[in-house]
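The file run26.txt contains compact mmCIF, C-alpha atoms:
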```
# COMPACT_ATOMS: atom_id res chain seq x y z
CA MET A 1 0.00 0.00 0.00
CA THR A 2 1.40 3.38 -1.00
CA MET A 3 1.48 5.98 1.71
CA VAL A 4 -0.04 9.33 0.80
CA THR A 5 2.24 12.23 1.64
CA ASP A 6 0.47 15.49 2.37
CA PHE A 7 2.07 18.89 1.95
CA GLU A 8 1.47 22.01 3.97
CA LEU A 9 -0.66 24.84 2.67
CA ASP A 10 0.79 27.89 4.36
CA PHE A 11 -2.37 29.95 4.58
CA ASN A 12 -3.84 27.53 7.17
CA SER A 13 -1.91 25.04 9.29
CA ASN A 14 -4.98 22.79 9.51
CA THR A 15 -5.30 22.54 5.73
CA LYS A 16 -3.12 20.18 3.74
CA GLY A 17 -2.90 18.91 0.19
CA ASN A 18 -1.77 15.88 -1.83
CA TRP A 19 -1.80 14.58 -5.38
CA GLU A 20 -4.32 11.78 -4.84
CA GLY A 21 -7.46 13.44 -6.16
CA GLY A 22 -8.21 10.56 -8.50
CA ASP A 23 -9.09 10.53 -12.19
CA LEU A 24 -9.23 14.30 -12.61
CA THR A 25 -8.28 16.63 -15.41
CA SER A 26 -7.60 20.35 -15.43
CA ASP A 27 -8.33 20.58 -19.18
CA GLY A 28 -11.98 19.59 -19.33
CA GLY A 29 -12.80 22.62 -21.47
CA ALA A 30 -10.55 21.32 -24.23
CA PHE A 31 -13.54 19.16 -25.12
CA LEU A 32 -14.82 22.25 -26.97
CA ILE A 33 -11.73 22.35 -29.17
CA ARG A 34 -11.94 18.68 -30.06
CA THR A 35 -15.65 19.04 -30.85
CA PHE A 36 -14.89 22.05 -33.03
CA PHE A 37 -12.21 20.06 -34.89
CA ASP A 38 -14.72 17.29 -35.65
CA GLN A 39 -17.51 19.67 -36.64
CA ILE A 40 -15.43 21.46 -39.29
CA LYS A 41 -13.92 18.15 -40.46
CA PHE A 42 -10.35 19.14 -39.62
CA PRO A 43 -9.25 15.51 -38.98
CA GLU A 44 -10.64 14.53 -42.39
CA LEU A 45 -8.77 17.42 -44.02
CA ALA A 46 -5.53 16.29 -42.37
CA GLU A 47 -6.16 12.67 -43.36
CA GLU A 48 -6.73 13.68 -46.96
CA LEU A 49 -3.75 15.99 -47.44
CA PHE A 50 -1.04 15.15 -44.91
CA PHE A 51 1.27 12.21 -45.54
CA ILE A 52 4.98 11.51 -45.62
CA PRO A 53 5.74 9.29 -48.65
CA SER A 54 9.21 8.37 -47.40
CA ASP A 55 7.79 6.99 -44.15
CA THR A 56 6.23 3.56 -44.65
CA ALA A 57 6.63 2.26 -41.10
CA GLU A 58 3.60 0.93 -39.27
CA ARG A 59 3.14 2.31 -35.76
CA ASP A 60 0.40 2.83 -33.23
CA HIS A 61 0.17 6.54 -33.92
CA THR A 62 0.12 7.62 -37.56
CA ASN A 63 1.74 10.80 -38.80
CA VAL A 64 -1.70 12.37 -39.23
CA LYS A 65 -2.66 11.65 -35.61
CA MET A 66 0.63 13.07 -34.36
CA PHE A 67 0.08 16.19 -36.48
CA ILE A 68 -3.38 16.66 -34.94
CA GLN A 69 -1.91 15.99 -31.48
CA PHE A 70 0.78 18.63 -32.06
CA VAL A 71 -1.84 21.22 -33.05
CA PHE A 72 -4.18 20.26 -30.20
CA LEU A 73 -1.51 20.49 -27.49
CA THR A 74 -0.23 23.77 -28.94
CA ILE A 75 -3.72 25.25 -28.55
CA LEU A 76 -3.81 24.12 -24.93
CA GLY A 77 -0.44 25.74 -24.25
CA TYR A 78 1.69 22.59 -24.06
CA HIS A 79 4.54 23.66 -26.31
CA MET A 80 7.26 21.22 -25.25
CA GLN A 81 7.33 17.67 -26.59
CA LYS A 82 7.99 16.29 -23.10
CA HIS A 83 4.49 17.43 -22.12
CA ALA A 84 3.11 14.53 -24.18
CA ASP A 85 4.45 12.01 -21.63
CA GLU A 86 2.99 13.95 -18.72
CA LEU A 87 -0.43 14.17 -20.39
CA ARG A 88 -0.80 10.56 -21.53
CA ALA A 89 -2.48 9.71 -18.23
CA ASP A 90 -4.76 12.76 -18.32
CA PRO A 91 -8.29 11.30 -18.44
CA ALA A 92 -9.70 14.05 -20.66
CA ILE A 93 -6.90 14.74 -23.13
CA SER A 94 -6.24 11.05 -23.76
CA SER A 95 -9.99 10.52 -24.31
CA TYR A 96 -10.07 13.17 -27.02
CA PHE A 97 -8.10 10.78 -29.20
CA ASP A 98 -8.77 7.13 -30.01
CA GLU A 99 -8.25 4.20 -27.66
CA LYS A 100 -4.48 4.48 -28.15
CA GLY A 101 -4.44 7.92 -26.53
CA LEU A 102 -1.57 10.36 -26.94
CA ALA A 103 1.71 9.54 -28.63
CA SER A 104 4.72 9.68 -26.32
CA GLN A 105 7.38 12.37 -26.29
CA SER A 106 9.80 10.12 -28.18
CA SER A 107 7.21 9.32 -30.86
CA GLU A 108 6.34 13.02 -31.23
CA SER A 109 10.03 13.94 -31.50
CA ARG A 110 10.65 11.36 -34.20
CA PHE A 111 7.57 12.58 -36.04
CA VAL A 112 8.80 16.18 -36.03
CA ASN A 113 12.19 15.14 -37.36
CA ARG A 114 10.58 13.25 -40.26
CA LEU A 115 9.07 16.45 -41.64
CA ASP A 116 10.53 17.73 -44.91
CA GLU A 117 9.85 19.97 -47.91
CA GLY A 118 6.93 17.80 -48.98
CA SER A 119 5.22 17.94 -45.60
CA LEU A 120 5.74 21.72 -45.46
CA ALA A 121 3.94 22.10 -48.79
CA GLN A 122 1.09 19.96 -47.45
CA LEU A 123 0.81 22.02 -44.25
CA ARG A 124 0.65 25.23 -46.26
CA GLU A 125 -2.05 23.68 -48.44
CA ILE A 126 -4.04 22.67 -45.33
CA ASN A 127 -3.74 26.19 -43.99
CA LYS A 128 -4.80 27.64 -47.35
CA ILE A 129 -7.92 25.45 -47.48
CA LEU A 130 -8.90 26.35 -43.91
CA VAL A 131 -8.54 30.08 -44.56
CA GLU A 132 -10.15 30.13 -48.01
CA ASN A 133 -13.10 27.99 -46.89
CA TYR A 134 -13.66 30.33 -43.95
CA TYR A 135 -14.05 33.26 -46.36
CA ILE A 136 -16.14 31.21 -48.79
CA GLU A 137 -18.58 30.26 -46.03
CA SER A 138 -18.70 33.82 -44.63
CA PRO A 139 -20.57 36.73 -46.24
CA PRO A 140 -18.29 37.80 -49.13
CA PRO A 141 -16.31 40.89 -48.06
CA GLU A 142 -15.99 43.85 -50.39
CA ARG A 143 -12.28 44.14 -49.63
CA LEU A 144 -9.64 42.08 -47.81
CA THR A 145 -6.57 43.83 -46.46
CA PHE A 146 -3.46 41.65 -46.27
CA ASP A 147 -0.64 42.95 -44.09
CA LEU A 148 2.82 41.73 -45.05
CA ASP A 149 5.61 41.80 -42.48
CA THR A 150 8.56 39.99 -40.99
CA SER A 151 9.49 39.16 -37.41
CA TYR A 152 12.21 37.07 -35.77
CA CYS A 153 12.64 33.71 -34.06
CA GLU A 154 15.72 33.61 -31.85
CA THR A 155 18.15 30.73 -32.37
CA TYR A 156 21.02 29.28 -30.38
CA GLY A 157 24.14 27.35 -31.26
CA ARG A 158 24.43 26.08 -34.81
CA GLN A 159 20.82 25.98 -35.88
CA GLU A 160 20.58 26.16 -39.67
CA GLY A 161 19.77 29.62 -40.98
CA GLY A 162 20.33 31.30 -37.65
CA SER A 163 22.41 34.43 -38.13
CA TYR A 164 22.80 37.85 -36.56
CA ASN A 165 20.10 40.35 -37.49
CA THR A 166 21.16 43.94 -36.85
CA HIS A 167 17.55 45.17 -36.65
CA TYR A 168 16.54 42.76 -33.89
CA LYS A 169 20.05 42.60 -32.39
CA CYS A 170 20.07 38.83 -31.95
CA CYS A 171 20.77 35.64 -33.86
CA GLY A 172 17.69 34.06 -35.34
CA LEU A 173 15.42 33.27 -38.24
CA SER A 174 13.19 35.76 -40.07
CA PRO A 175 9.62 34.57 -40.79
CA LEU A 176 7.72 36.30 -43.57
CA MET A 177 3.99 36.47 -42.74
CA THR A 178 0.76 37.70 -44.27
CA PHE A 179 -2.22 38.39 -41.96
CA GLU A 180 -5.72 39.55 -42.88
CA ASP A 181 -6.59 42.72 -41.02
CA ALA A 182 -10.26 42.16 -40.12
CA THR A 183 -10.05 38.56 -38.90
CA GLY A 184 -6.42 38.25 -37.84
CA LEU A 185 -6.11 35.02 -39.85
CA LEU A 186 -2.67 34.03 -41.08
CA ILE A 187 -2.87 33.79 -44.86
CA ASP A 188 0.63 32.40 -45.45
CA ALA A 189 4.04 32.21 -43.81
CA ASP A 190 7.61 31.18 -44.57
CA LEU A 191 10.47 30.82 -42.09
CA ARG A 192 13.68 32.21 -43.62
CA ALA A 193 17.33 32.66 -42.69
CA GLY A 194 17.95 35.52 -40.28
CA THR A 195 19.89 37.71 -42.71
CA THR A 196 17.21 37.61 -45.42
CA TYR A 197 16.13 41.15 -46.25
CA CYS A 198 12.41 41.89 -45.92
CA SER A 199 11.56 42.13 -49.61
CA ASN A 200 13.81 39.31 -50.84
CA GLY A 201 11.48 36.79 -52.42
CA ALA A 202 8.41 38.69 -51.15
CA ALA A 203 6.91 39.14 -54.62
CA GLU A 204 7.15 35.40 -55.26
CA PHE A 205 5.71 34.79 -51.78
CA ILE A 206 2.57 36.90 -52.28
CA THR A 207 1.85 35.92 -55.90
CA PRO A 208 0.20 32.53 -55.09
CA THR A 209 -1.98 34.23 -52.48
CA LEU A 210 -3.10 36.84 -55.00
CA LYS A 211 -3.87 34.16 -57.58
CA ASP A 212 -5.73 31.90 -55.14
CA PHE A 213 -7.94 34.62 -53.69
CA LYS A 214 -8.67 36.06 -57.11
CA GLU A 215 -10.06 32.66 -58.09
CA THR A 216 -11.79 31.98 -54.77
CA LEU A 217 -13.32 35.44 -54.23
CA PRO A 218 -13.44 37.05 -57.70
CA ASP A 219 -15.67 39.92 -56.53
CA THR A 220 -13.51 40.83 -53.52
CA THR A 221 -10.76 43.43 -53.84
CA ILE A 222 -7.43 42.48 -52.30
CA CYS A 223 -5.14 45.17 -50.90
CA PHE A 224 -1.62 44.59 -49.63
CA ARG A 225 -0.09 46.84 -46.98
CA GLY A 226 3.57 46.90 -46.06
CA ASP A 227 6.23 49.07 -44.49
CA SER A 228 9.26 50.48 -46.28
CA GLY A 229 11.04 47.12 -46.19
CA PHE A 230 8.64 45.97 -48.92
CA ALA A 231 8.98 49.02 -51.14
CA SER A 232 10.18 47.23 -54.26
CA PRO A 233 8.98 47.42 -57.87
CA GLU A 234 8.64 43.62 -57.97
CA ILE A 235 5.92 43.78 -55.31
CA TYR A 236 4.09 46.67 -57.00
CA GLU A 237 4.17 44.84 -60.32
CA ALA A 238 2.98 41.56 -58.77
CA CYS A 239 -0.03 43.35 -57.28
CA GLU A 240 -0.79 45.27 -60.47
CA LYS A 241 -0.55 42.15 -62.61
CA ALA A 242 -2.98 40.32 -60.30
CA GLY A 243 -5.41 43.25 -60.18
CA ALA A 244 -4.72 43.87 -56.47
CA GLU A 245 -4.26 47.15 -54.64
CA TYR A 246 -1.25 48.10 -52.52
CA VAL A 247 -0.43 50.72 -49.89
CA ILE A 248 3.28 50.61 -49.05
CA ARG A 249 5.50 53.07 -47.27
CA LEU A 250 8.53 54.40 -49.16
CA LYS A 251 11.92 55.05 -47.73
CA THR A 252 12.55 58.77 -47.82
CA ASN A 253 15.19 60.26 -50.09
CA ARG A 254 16.25 63.73 -51.20
CA VAL A 255 14.20 63.66 -54.39
CA LEU A 256 11.02 62.77 -52.54
CA GLU A 257 11.68 65.33 -49.81
CA ARG A 258 12.46 68.08 -52.32
CA THR A 259 9.30 67.30 -54.29
CA ALA A 260 7.14 67.30 -51.16
CA VAL A 261 8.61 70.56 -49.86
CA THR A 262 8.06 72.26 -53.21
CA LEU A 263 4.49 70.95 -53.39
CA LEU A 264 3.51 71.98 -49.87
CA ALA A 265 5.70 75.05 -49.31
CA ASN A 266 2.75 77.45 -49.44
CA GLU A 267 0.96 75.58 -46.64
CA PHE A 268 3.74 76.11 -44.09
CA ASP A 269 3.14 79.11 -41.84
CA ASN A 270 6.46 80.65 -40.72
CA GLU A 271 4.69 82.69 -38.10
CA ARG A 272 3.64 79.44 -36.39
CA PHE A 273 7.17 78.03 -36.27
CA LEU A 274 6.74 77.11 -32.59
CA ASP A 275 3.53 75.18 -33.27
CA ASP A 276 3.12 71.67 -34.65
CA GLN A 277 2.11 71.73 -38.31
CA VAL A 278 1.08 68.86 -40.59
CA MET A 279 0.91 69.22 -44.39
CA ILE A 280 -0.49 66.49 -46.65
CA GLY A 281 -0.45 66.17 -50.43
CA GLU A 282 0.21 63.84 -53.35
CA PHE A 283 2.17 63.71 -56.59
CA MET A 284 3.18 61.29 -59.31
CA TYR A 285 6.67 59.87 -58.95
CA LYS A 286 8.94 57.50 -60.85
CA ALA A 287 12.04 56.07 -59.20
CA SER A 288 14.92 55.01 -61.43
CA SER A 289 14.09 51.32 -60.88
CA TRP A 290 10.41 51.76 -61.76
CA GLU A 291 8.98 51.25 -65.23
CA LYS A 292 6.26 53.85 -64.76
CA GLU A 293 5.03 56.68 -62.56
CA ARG A 294 3.00 55.82 -59.48
CA ARG A 295 0.89 57.81 -57.05
CA VAL A 296 2.74 58.91 -53.92
CA VAL A 297 0.98 60.41 -50.90
CA CYS A 298 3.18 62.56 -48.71
CA GLU A 299 2.98 64.01 -45.22
CA ILE A 300 5.31 66.62 -43.78
CA LYS A 301 5.14 66.94 -40.02
CA HIS A 302 6.88 69.91 -38.45
CA VAL A 303 7.24 69.65 -34.67
CA GLY A 304 7.08 73.09 -33.08
CA GLY A 305 10.52 74.59 -32.48
CA GLU A 306 12.44 71.88 -34.37
CA LEU A 307 14.51 72.83 -37.39
CA PHE A 308 13.91 69.77 -39.59
CA PRO A 309 10.53 68.20 -40.42
CA TYR A 310 9.53 64.52 -40.52
CA PHE A 311 8.49 62.99 -43.84
CA THR A 312 6.12 60.11 -44.62
CA PHE A 313 5.70 58.79 -48.17
CA ILE A 314 3.17 56.14 -49.24
CA VAL A 315 3.10 54.61 -52.73
CA THR A 316 -0.30 53.29 -53.74
CA ASN A 317 -2.48 52.42 -56.70
CA ARG A 318 -5.69 53.09 -54.76
CA GLU A 319 -7.66 55.85 -56.43
CA ASP A 320 -10.73 55.74 -54.18
CA MET A 321 -9.04 57.45 -51.23
CA THR A 322 -7.97 60.98 -50.44
CA PRO A 323 -4.37 61.48 -49.26
CA GLU A 324 -5.64 61.76 -45.67
CA GLU A 325 -7.53 58.48 -46.00
CA VAL A 326 -4.49 56.72 -47.49
CA LEU A 327 -2.33 57.77 -44.51
CA ALA A 328 -5.00 56.71 -42.01
CA TYR A 329 -5.44 53.39 -43.80
CA TYR A 330 -1.71 52.71 -43.80
CA ARG A 331 -1.37 53.40 -40.09
CA LYS A 332 -3.95 50.73 -39.27
CA ARG A 333 -1.35 48.13 -40.22
CA GLY A 334 -0.06 48.43 -36.66
CA ASN A 335 -2.82 45.98 -35.78
CA MET A 336 -0.70 43.26 -37.35
CA GLU A 337 1.79 43.63 -34.51
CA ASN A 338 -0.93 42.40 -32.16
CA PHE A 339 -1.43 39.28 -34.30
CA ILE A 340 2.30 38.57 -34.28
CA LYS A 341 2.46 39.03 -30.49
CA GLU A 342 -0.48 36.66 -30.05
CA ALA A 343 1.23 34.05 -32.24
CA LYS A 344 4.46 34.37 -30.27
CA ASN A 345 3.13 34.70 -26.73
CA GLY A 346 0.21 32.31 -27.10
CA PHE A 347 1.47 29.69 -29.56
CA ALA A 348 5.27 29.91 -29.17
CA VAL A 349 5.84 30.23 -32.93
CA ASP A 350 9.16 31.94 -32.21
CA LYS A 351 10.49 28.94 -30.27
CA VAL A 352 12.50 26.95 -32.81
CA SER A 353 14.33 24.04 -31.24
CA GLN A 354 15.47 21.89 -34.15
CA LYS A 355 18.81 21.97 -35.92
CA GLU A 356 17.50 21.86 -39.50
CA LEU A 357 15.70 24.87 -40.97
CA ILE A 358 13.14 22.75 -42.83
CA VAL A 359 12.08 20.99 -39.62
CA ASN A 360 11.73 24.33 -37.84
CA ASN A 361 9.70 25.63 -40.78
CA ASN A 362 7.31 22.68 -40.45
CA GLN A 363 6.94 23.28 -36.71
CA PHE A 364 6.34 26.96 -37.34
CA MET A 365 3.58 26.16 -39.84
CA MET A 366 1.86 23.65 -37.53
CA LYS A 367 1.80 26.27 -34.77
CA MET A 368 0.34 28.81 -37.15
CA ILE A 369 -2.38 26.32 -38.13
CA ALA A 370 -3.16 26.04 -34.41
CA TYR A 371 -3.30 29.84 -34.27
CA ASN A 372 -5.70 29.98 -37.23
CA LEU A 373 -8.00 27.30 -35.80
CA ILE A 374 -8.38 29.30 -32.60
CA ARG A 375 -9.02 32.49 -34.58
CA MET A 376 -11.81 30.65 -36.44
CA PHE A 377 -13.10 29.17 -33.18
CA SER A 378 -13.33 32.70 -31.74
CA LEU A 379 -14.95 34.18 -34.84
CA LEU A 380 -17.47 31.40 -35.43
CA VAL A 381 -18.68 30.10 -32.06
CA LEU A 382 -17.73 32.40 -29.18
CA PRO A 383 -20.31 34.82 -27.75
CA ASP A 384 -19.75 38.42 -28.81
CA ALA A 385 -18.41 39.36 -25.38
CA MET A 386 -15.66 36.73 -25.68
CA LYS A 387 -14.62 37.17 -29.33
CA SER A 388 -11.80 39.55 -28.41
CA TYR A 389 -10.27 37.15 -25.87
CA GLN A 390 -6.66 36.21 -26.51
CA ILE A 391 -5.63 32.57 -26.28
CA GLU A 392 -4.26 32.87 -22.73
CA THR A 393 -7.61 34.23 -21.55
CA LEU A 394 -9.45 31.42 -23.32
CA ARG A 395 -7.21 28.85 -21.68
CA ASN A 396 -7.62 30.32 -18.22
CA LYS A 397 -11.35 31.01 -18.41
CA LEU A 398 -12.70 28.34 -20.75
CA PHE A 399 -10.34 25.43 -21.33
CA LYS A 400 -8.92 25.04 -17.82
CA VAL A 401 -11.95 23.38 -16.27
CA ALA A 402 -11.63 20.70 -13.60
CA ALA A 403 -13.50 17.49 -14.45
CA ARG A 404 -13.67 13.95 -13.07
CA LYS A 405 -13.89 10.92 -15.35
CA VAL A 406 -16.52 8.41 -14.22
CA LYS A 407 -16.82 5.03 -15.92
CA HIS A 408 -20.14 3.20 -16.15
CA ALA A 409 -20.84 -0.12 -17.74
CA ARG A 410 -21.49 1.25 -21.21
CA ARG A 411 -20.43 4.85 -21.10
CA ILE A 412 -18.04 7.40 -19.69
CA ILE A 413 -19.20 10.64 -18.06
CA PHE A 414 -17.05 13.67 -17.36
CA LYS A 415 -18.35 15.49 -14.30
CA PHE A 416 -17.27 19.10 -14.59
CA CYS A 417 -16.60 21.40 -11.68
CA SER A 418 -19.93 22.37 -10.07
CA HIS A 419 -18.72 25.90 -9.39
CA PHE A 420 -17.35 26.71 -12.83
CA PRO A 421 -18.38 30.37 -13.36
CA LEU A 422 -18.89 30.14 -17.14
CA LYS A 423 -21.34 27.23 -17.30
CA LYS A 424 -23.89 29.06 -19.44
CA GLU A 425 -21.24 30.34 -21.85
CA PHE A 426 -19.69 26.86 -22.09
CA GLU A 427 -23.02 25.28 -23.06
CA ALA A 428 -23.81 28.14 -25.48
CA ILE A 429 -20.46 27.63 -27.22
CA LEU A 430 -21.12 23.90 -27.47
CA ARG A 431 -24.50 24.61 -29.08
CA ASN A 432 -22.88 27.05 -31.51
CA ILE A 433 -20.34 24.42 -32.53
CA ARG A 434 -23.05 21.85 -33.18
CA LEU A 435 -24.97 24.34 -35.32
CA LEU A 436 -21.98 24.95 -37.60
CA ARG A 437 -22.49 23.72 -41.12
CA LEU A 438 -18.96 24.37 -42.33
CA ASN A 439 -16.99 21.60 -43.96
CA PHE A 440 -13.31 22.42 -44.34
CA SER A 441 -12.37 19.07 -45.83
CA PRO A 442 -11.24 19.24 -49.49
```

Now that the file is in, can you turn its structure into structure tokens?
Amino acid sequence: MTMVTDFELDFNSNTKGNWEGGDLTSDGGAFLIRTFFDQIKFPELAEELFFIPSDTAERDHTNVKMFIQFVFLTILGYHMQKHADELRADPAISSYFDEKGLASQSSESRFVNRLDEGSLAQLREINKILVENYYIESPPPERLTFDLDTSYCETYGRQEGGSYNTHYKCCGLSPLMTFEDATGLLIDADLRAGTTYCSNGAAEFITPTLKDFKETLPDTTICFRGDSGFASPEIYEACEKAGAEYVIRLKTNRVLERTAVTLLANEFDNERFLDDQVMIGEFMYKASSWEKERRVVCEIKHVGGELFPYFTFIVTNREDMTPEEVLAYYRKRGNMENFIKEAKNGFAVDKVSQKELIVNNNQFMMKMIAYNLIRMFSLLVLPDAMKSYQIETLRNKLFKVAARKVKHARRIIFKFCSHFPLKKEFEAILRNIRLLRLNFSP
């Protein structure tokens, strides 16, 4: 007989604790995620598209099941592969899979290291189908705004592609990402070597997205936004060729500054030199590397008392906006920073632990699929008051629910915490999931 060892709870000497509570789980609310997966046919989508041709071994847990497990545990906040061993005995999480339960840490590690260029292409295709089907099933938007940007994933030791980036002042990799502004969905991503400049390969990166959405949503206008790192004629031409709009900041230079000053000189009031003044205008401009003139919106901001002004230049092919509207529209791209922070803080996309770049790229994409599934979960089934919740809030308030597993002769019942404060919301979300008529399988 094993002796139970209690531990002291300092707030009251007469109150003790131990780890003998029985068949309990702290992740009872994850049942909602698994139900959502099944309702939108995510397992069927994975089964249809994800396979590793070079891997013919027979094992208890297939590559597809380990992919779904990776995504599922990422959503719950278990980002380390060793967590799989700790959770195999969890009565709820193991029940969300088949009778074989979770794969072990060693199985999950071997699975990750089997991933290659082919699996990365499949993961990107799965992500594309999820995102496109979401927009197909939603009321068709008049315009979609895609924000293009890079970030960094810090590396250590001799990880492939890891190199010093002077902008971020660390060694790492540089993911290129496209998010949609209204939904926060990740449209596409690619993990690149740390020294890759922002716009290198960006035109080739966005072209498939432009083509796919043009075919999927022919009546929706696509607009790309980007900072000055993406100010390249290749990107402008890719957008123009695909019939897409763009709003991209230009790096300032003497020609642009001289043109703007000449254009707006009459609007500057010398008698108000000590006051802040903002002057806005537009002109046609052709850089030496451009094949044609393009519309440039300019802003000169003079801070009261300072000798030199601040310049902002935006190149765009949008003709439906005034210069003031173009500047306001561009500045909304700061919302993308919130999406990147959510992906990093909530899904650990910046934690790259493998030696090979291609394996890290596969892990990055699986985490971003987890991110997208939660964004869809929030948009489709959460009550309005909860739609703005970040993943950590969802975990703490909705997924982290104590439950006891009770076995009967023919069935299993999970008895959730009687004092869970969000009972009504939990049941409403479950009803919303069951009412979904989306099918994301190909």

Checklist entry - When you draw a straight line from CA of Leu73 (chain A) to CA of Leu45 (chain A), how long is it in Å? => result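 Those two atoms sit 18.3 Å apart.
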
Checklist entry - Out of A:Leu398, A:Lys214, A:Leu120, A:Ile374, which residue has the shortest atom-to-atom distance to Phe37 (chain A) when counting all atoms listed in the file? => result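 Using all atoms listed in the file, the shortest distance to Phe37 (chain A) belongs to A:Ile374.
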
How close does each residue of region 191-285 of chain A get to region 127-147 of chain A, giving the shortest atom pair and distance in Å to one decimal for every residue with an atom at most 10 Å away, counting only C-alpha atoms, sorted by chain and residue number, as JSON lines?
```
{"residue": "A:Ile206", "atom": "CA", "partner": "A:Phe146", "partner_atom": "CA", "distance": 9.7}
{"residue": "A:Thr209", "atom": "CA", "partner": "A:Lys128", "partner_atom": "CA", "distance": 8.8}
{"residue": "A:Leu210", "atom": "CA", "partner": "A:Phe146", "partner_atom": "CA", "distance": 10.0}
{"residue": "A:Asp212", "atom": "CA", "partner": "A:Glu132", "partner_atom": "CA", "distance": 8.6}
{"residue": "A:Phe213", "atom": "CA", "partner": "A:Glu132", "partner_atom": "CA", "distance": 7.6}
{"residue": "A:Thr216", "atom": "CA", "partner": "A:Glu132", "partner_atom": "CA", "distance": 7.2}
{"residue": "A:Leu217", "atom": "CA", "partner": "A:Ile136", "partner_atom": "CA", "distance": 7.4}
{"residue": "A:Pro218", "atom": "CA", "partner": "A:Pro140", "partner_atom": "CA", "distance": 9.9}
{"residue": "A:Asp219", "atom": "CA", "partner": "A:Glu142", "partner_atom": "CA", "distance": 7.3}
{"residue": "A:Thr220", "atom": "CA", "partner": "A:Glu142", "partner_atom": "CA", "distance": 5.0}
{"residue": "A:Thr221", "atom": "CA", "partner": "A:Arg143", "partner_atom": "CA", "distance": 4.5}
{"residue": "A:Ile222", "atom": "CA", "partner": "A:Leu144", "partner_atom": "CA", "distance": 5.0}
{"residue": "A:Cys223", "atom": "CA", "partner": "A:Thr145", "partner_atom": "CA", "distance": 4.9}
{"residue": "A:Phe224", "atom": "CA", "partner": "A:Phe146", "partner_atom": "CA", "distance": 4.8}
{"residue": "A:Arg225", "atom": "CA", "partner": "A:Asp147", "partner_atom": "CA", "distance": 4.9}
{"residue": "A:Gly226", "atom": "CA", "partner": "A:Asp147", "partner_atom": "CA", "distance": 6.1}
{"residue": "A:Asp227", "atom": "CA", "partner": "A:Asp147", "partner_atom": "CA", "distance": 9.2}
{"residue": "A:Glu245", "atom": "CA", "partner": "A:Thr145", "partner_atom": "CA", "distance": 9.1}
{"residue": "A:Tyr246", "atom": "CA", "partner": "A:Thr145", "partner_atom": "CA", "distance": 9.1}
{"residue": "A:Val247", "atom": "CA", "partner": "A:Asp147", "partner_atom": "CA", "distance": 9.7}
{"residue": "A:Ile248", "atom": "CA", "partner": "A:Asp147", "partner_atom": "CA", "distance": 9.9}
```

Checklist entry - Which residues, written as a list in words, have at least one atom at most 10 Å from Lys251 (chain A), with only C-alpha atoms counted and residues fewer than 5 positions away on the same chain left out? => result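 Final neighbour list, sorted by chain and number: Asp227, Ser228, Gly229, Phe230, Ala231, Leu256, Phe311, Thr312, Phe313 and Ile314 of chain A.
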
Item to check | Spatial neighbours of Ala402 (chain A), 8 Å, only C-alpha atoms, chain gap at least 4 places, as a count of residues only | outcome: 7

Next on the checklist: If we count only C-alpha atoms and set the cut-off at 12 Å, which residues sit around region 162-166 of chain A, ignoring sequence neighbours fewer than 3 positions away in its own chain? Please answer as a ChimeraX atom specification.
Outcome noted: /A:151-159,169-175,191-198,352-357,360

May I have the centre and edge lengths, in Å to one decimal, of an axis-aligned box around the listed atoms of region 241-254 of chain A with 3 Å added to every side, as JSON?
```
{"center_x": 5.4, "center_y": 52.0, "center_z": -54.9, "size_x": 27.7, "size_y": 29.4, "size_z": 21.3}
```

Next on the checklist: Please report the interatomic distance between CA of Lys344 (chain A) and CA of Ser109 (chain A) in Å with one decimal.
Outcome noted: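 Distance between the two atoms: 21.2 Å.
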
Next on the checklist: as a list of chain:residue names, please: the residues near Ile280 (chain A) (cut-off 12 Å, only C-alpha atoms, same-chain neighbours under 5 positions excluded).
Outcome noted: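 My reading of the contact set: A:Ala260, A:Val261, A:Leu263, A:Leu264, A:Ala265, A:Asn266, A:Glu267, A:Phe268, A:Val296, A:Val297, A:Cys298, A:Glu299, A:Ile300, A:Lys301, A:His302, A:Tyr310, A:Phe311, A:Thr312, A:Phe313, A:Ile314, A:Thr322, A:Pro323, A:Glu324, A:Glu325, A:Val326, A:Leu327, A:Ala328.
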
Next on the checklist: Between A:Asp90, A:Thr252, A:Gly17, A:Gly77, which residue has the minimum interatomic distance to Asn396 (chain A), considering all atoms listed in the file?
Outcome noted: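 Looking only at the distances to Asn396 (chain A), the closest residue turns out to be A:Gly77.
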
Item to check | Which of A:Asn200, A:Asn253, A:Thr259, A:Thr183 sits closest to Asn335 (chain A) [using only C-alpha atoms] | outcome: A:Thr183

Checklist entry - Hey, can you check how far CA of Thr74 (chain A) sits from CA of Phe347 (chain A)? => result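 Going from CA of Thr74 (chain A) over to CA of Phe347 (chain A) covers 6.2 Å.
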